[in-house]
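The structure under discussion appears below in the form of structure tokens.
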Amino acid sequence: MAERDVPEGLIPHRGPARLVQTVLDDPRTDVLVCGGRIPADSAFAVGGRAPAVIALELAAQAAAVQQALAAPVGAAVRPGYLVAVRAAAFRADDVAAAVGLVATVRRTGQAGPLATYDVTVTGPEGEEILTATLSTHVGD
Amino acid sequence: MATEIFDGLTVVQEAVDAAGWRARLRVETTSRAFAGHFEGQPILPGVAHLVIVCHALRAMGGASATLRALPSVRFRQVVRPGDVLDVSVRSPDADGRSRFDVRIGDTLAVTGVAHGGRDG
């Protein structure tokens with residue numbers, strides 16, 4: 001699967017807060033697939049592992065990438081805030097830092113600055129780590 | 001008691017009893033959780049609250065207790081460097097669900113329901 005880097009300025013996350021790295025080509029038109037990882041220097045990684053809930057942040061950033069790619073060219077980068085999580089199910093307790101993860105996000109609703117996404121995060125062998133529905137709000 | 005749940009989160013007070021887990025936590029201005037999130041406008045990532053809930057489930061249920069599901073979570077108020085959080089995670093009900101909330105003073109910052117389980 002071909003992939004391209006997420007441009008540095010596309011979303012406002014930087015340094016150890018930046019989990020999403022690449023956009024992977026996918027034939028489906030209603031989803032965005034992103035590659036990423038939990039940085040080894042994440043505030044939430046201990047002994048090279050982080051709680052699986054941190055993978056929700058990767059999914060939220062993938063949703064922000066989808067939102068940014070859909071925005072008009074030249075639009076200002078605005079933080080997107082995670083405002084709700086529903087029906088999240090975790091198949092793992094923790095995940096290794098610095099190991100490739102894949103987030104698949106599908107926007108299921110949009111009303112002004114509010115958007116809702118169905119998300120899945122999988123591990124390096126394709127194993128499911130979590131599924132959830134996220135709601136985000138794009139701030140000023 | 002002075003344990004760290006994640007970098008730069010100081011446990012000021014912590015108690016566990018039959019009703020659940022309660023704690024007062026301080027998010028230090030130096031926490032790496034703020035690094036890059038966001039430049040010039042630091043706020044705590046929402047998932048940080050969920051890491052605290054994972055810790056609470058272990059505090060109530062032992063080291064093998066783990067988070068299995070989050071039926072619902074609402075993030076209502078951003079947390080900034082130096083904020084002090086009062087967190088309450090109730091003991092599981094008959095269906096295994098624990099309600100939780102995070103407050104900053106009188107302001108409700110996060111509410112939700114967690115469903116715990118066991119490793120393996």
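Residue names in the structure tokens use chain letters A, B, ... in the order shown, residue numbers from 1 in each chain, and ligand numbers from 1 in the order shown.
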Test item: chain B residues at most 9 Å from chain A, counting only C-alpha atoms, as number ranges by chain:
B: 5-8, 31-39, 45-48, 50-51, 54, 66-78, 112, 119
Same residues, C-alpha atoms, output as an mmCIF file, in the first residue's frame:
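Okay, this is what ended up in result.cif:
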```cif
data_model
loop_
_atom_site.group_PDB
_atom_site.id
_atom_site.type_symbol
_atom_site.label_atom_id
_atom_site.label_comp_id
_atom_site.auth_asym_id
_atom_site.auth_seq_id
_atom_site.Cartn_x
_atom_site.Cartn_y
_atom_site.Cartn_z
ATOM 1 C CA ILE B 5 0.427 8.050 36.514
ATOM 2 C CA PHE B 6 2.055 9.730 33.523
ATOM 3 C CA ASP B 7 4.881 12.176 33.182
ATOM 4 C CA GLY B 8 4.224 15.320 35.156
ATOM 5 C CA SER B 31 4.554 17.695 32.058
ATOM 6 C CA ARG B 32 5.672 16.332 28.688
ATOM 7 C CA ALA B 33 1.981 15.721 27.975
ATOM 8 C CA PHE B 34 1.814 19.396 26.953
ATOM 9 C CA ALA B 35 4.819 19.216 24.629
ATOM 10 C CA GLY B 36 3.541 19.936 21.133
ATOM 11 C CA HIS B 37 -0.100 19.919 22.218
ATOM 12 C CA PHE B 38 -0.311 22.740 21.197
ATOM 13 C CA GLU B 39 2.467 25.292 20.710
ATOM 14 C CA PRO B 45 -4.763 15.614 25.526
ATOM 15 C CA GLY B 46 -8.166 14.128 26.291
ATOM 16 C CA VAL B 47 -6.745 10.610 26.331
ATOM 17 C CA ALA B 48 -4.706 11.571 29.408
ATOM 18 C CA LEU B 50 -8.472 7.875 30.179
ATOM 19 C CA VAL B 51 -4.982 6.867 31.347
ATOM 20 C CA CYS B 54 -6.964 2.886 33.695
ATOM 21 C CA THR B 66 -7.720 -3.427 32.702
ATOM 22 C CA LEU B 67 -9.928 -1.196 30.587
ATOM 23 C CA ARG B 68 -12.118 -3.157 28.180
ATOM 24 C CA ALA B 69 -14.626 -0.569 26.974
ATOM 25 C CA LEU B 70 -15.702 3.047 27.177
ATOM 26 C CA PRO B 71 -19.422 3.163 26.448
ATOM 27 C CA SER B 72 -19.384 6.952 26.673
ATOM 28 C CA VAL B 73 -17.027 9.804 27.502
ATOM 29 C CA ARG B 74 -17.600 13.535 27.223
ATOM 30 C CA PHE B 75 -14.788 16.064 27.393
ATOM 31 C CA ARG B 76 -16.358 19.300 28.593
ATOM 32 C CA GLN B 77 -13.503 21.521 29.670
ATOM 33 C CA VAL B 78 -9.866 21.744 28.608
ATOM 34 C CA GLY B 112 -17.885 8.981 31.352
ATOM 35 C CA ASP B 119 -5.818 -9.467 31.637
#
```
Neighbour list for Leu57 in chain B as a PyMOL selection string, cut-off 12 Å, only C-alpha atoms, skip fewer than 5 positions in-chain
chain B and resi 16+20-22+50-52+62-69+88-92+96-100+113-118
Given only C-alpha atoms as the basis, pick out the residue of B:Ala19, B:Val11, B:Ala56, B:Val27 nearest to Leu44 in chain B.
B:Val27
Distance query range 121-124 of chain A at most 6 Å, only C-alpha atoms, self and fewer than 2 positions along chain excluded, as a list in words:
Gly100, Leu101, Val102, Ala103, Gly126, Glu127, Glu128, Ile129 and Leu130 of chain A
Written file, previous selection with C-alpha atoms, as an mmCIF file, in the first residue's frame:
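Result file result_39.cif:
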```
data_model
loop_
_atom_site.group_PDB
_atom_site.id
_atom_site.type_symbol
_atom_site.label_atom_id
_atom_site.label_comp_id
_atom_site.auth_asym_id
_atom_site.auth_seq_id
_atom_site.Cartn_x
_atom_site.Cartn_y
_atom_site.Cartn_z
ATOM 1 C CA GLY A 100 3.796 1.019 13.487
ATOM 2 C CA LEU A 101 0.046 1.347 13.951
ATOM 3 C CA VAL A 102 -2.702 1.977 11.415
ATOM 4 C CA ALA A 103 -5.753 4.152 12.042
ATOM 5 C CA GLY A 126 -3.088 -6.198 11.501
ATOM 6 C CA GLU A 127 -4.499 -7.143 14.871
ATOM 7 C CA GLU A 128 -7.315 -4.930 16.090
ATOM 8 C CA ILE A 129 -6.416 -2.754 19.057
ATOM 9 C CA LEU A 130 -9.559 -0.692 19.341
#
```
One decimal, Å: what's the distance from CA of Leu24 in chain A over to CA of Val6 in chain A, could you say?
9.8 Å
Using the chain letters and numbers from this document, which residues of range 54-105 of chain B does DSSP assign to alpha helix (DSSP H), as a PyMOL selection string?
chain B and resi 54-61
Writing out the chosen residues with N, CA and C atoms as an mmCIF file, in the first residue's frame:
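Everything below was put into again.cif:
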```
data_model
loop_
_atom_site.group_PDB
_atom_site.id
_atom_site.type_symbol
_atom_site.label_atom_id
_atom_site.label_comp_id
_atom_site.auth_asym_id
_atom_site.auth_seq_id
_atom_site.Cartn_x
_atom_site.Cartn_y
_atom_site.Cartn_z
ATOM 1 N N CYS B 54 -7.641 4.200 33.686
ATOM 2 C CA CYS B 54 -6.964 2.886 33.695
ATOM 3 C C CYS B 54 -6.259 2.658 35.033
ATOM 4 N N HIS B 55 -5.584 3.686 35.511
ATOM 5 C CA HIS B 55 -4.898 3.587 36.809
ATOM 6 C C HIS B 55 -5.918 3.308 37.917
ATOM 7 N N ALA B 56 -7.042 3.996 37.884
ATOM 8 C CA ALA B 56 -8.065 3.818 38.924
ATOM 9 C C ALA B 56 -8.621 2.396 38.904
ATOM 10 N N LEU B 57 -8.842 1.856 37.727
ATOM 11 C CA LEU B 57 -9.361 0.482 37.635
ATOM 12 C C LEU B 57 -8.385 -0.503 38.272
ATOM 13 N N ARG B 58 -7.086 -0.272 38.051
ATOM 14 C CA ARG B 58 -6.081 -1.149 38.672
ATOM 15 C C ARG B 58 -6.056 -0.940 40.188
ATOM 16 N N ALA B 59 -6.201 0.314 40.613
ATOM 17 C CA ALA B 59 -6.188 0.590 42.051
ATOM 18 C C ALA B 59 -7.359 -0.101 42.749
ATOM 19 N N MET B 60 -8.488 -0.208 42.041
ATOM 20 C CA MET B 60 -9.675 -0.835 42.643
ATOM 21 C C MET B 60 -9.666 -2.350 42.484
ATOM 22 N N GLY B 61 -9.159 -2.814 41.338
ATOM 23 C CA GLY B 61 -9.326 -4.230 41.010
ATOM 24 C C GLY B 61 -8.054 -5.050 41.021
#
```
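Once range 64-71 of chain A and its same-chain neighbours fewer than 2 positions away are set aside, Leu10, Ile11, Leu32, Ala60, Gln61, Ala62, Val73, Ala75 and Gly80 of chain A remain within 7 Å of it when counting only C-alpha atoms.
Between CA of Val138 in chain A and CA of Arg78 in chain A the separation is 6.5 Å.
Computed from the coordinates, the CA of Arg37 in chain A to CA of Gly139 in chain A distance equals 24.9 Å.
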In range 102-136 of chain A, DSSP strand (DSSP E or B) residues written as an NGL selection string:
:A and (102-111 or 114-122 or 128-136)
Contacts of range 105-110 of chain A at 6 Å or less, counting only C-alpha atoms, minus same-chain residues fewer than 5 places along, as a CSV table (one decimal) with C-alpha atoms, in the first residue's frame?
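Written out: selection-v3.csv:
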```csv
chain,number,residue,atom,x,y,z
A,31,VAL,CA,-12.3,6.5,4.6
A,32,LEU,CA,-8.9,7.8,5.4
A,115,ALA,CA,-17.8,16.0,13.3
A,116,THR,CA,-18.2,12.3,14.1
A,117,TYR,CA,-16.0,9.4,13.0
A,118,ASP,CA,-16.0,5.7,13.2
A,119,VAL,CA,-12.4,4.6,13.9
```
With only C-alpha atoms as the counted atoms, please give the residues lying no more than 8 Å from Val79 in chain B, apart from itself and same-chain residues fewer than 4 positions off, as a compact mmCIF listing (two decimals) with C-alpha atoms, in the first residue's frame.
```
# COMPACT_ATOMS: atom_id res chain seq x y z
CA ILE B 43 -3.83 21.77 26.77
CA LEU B 44 -3.87 18.25 28.14
CA ASP B 83 -4.58 22.67 36.85
CA ALA B 109 -14.18 18.67 32.91
```
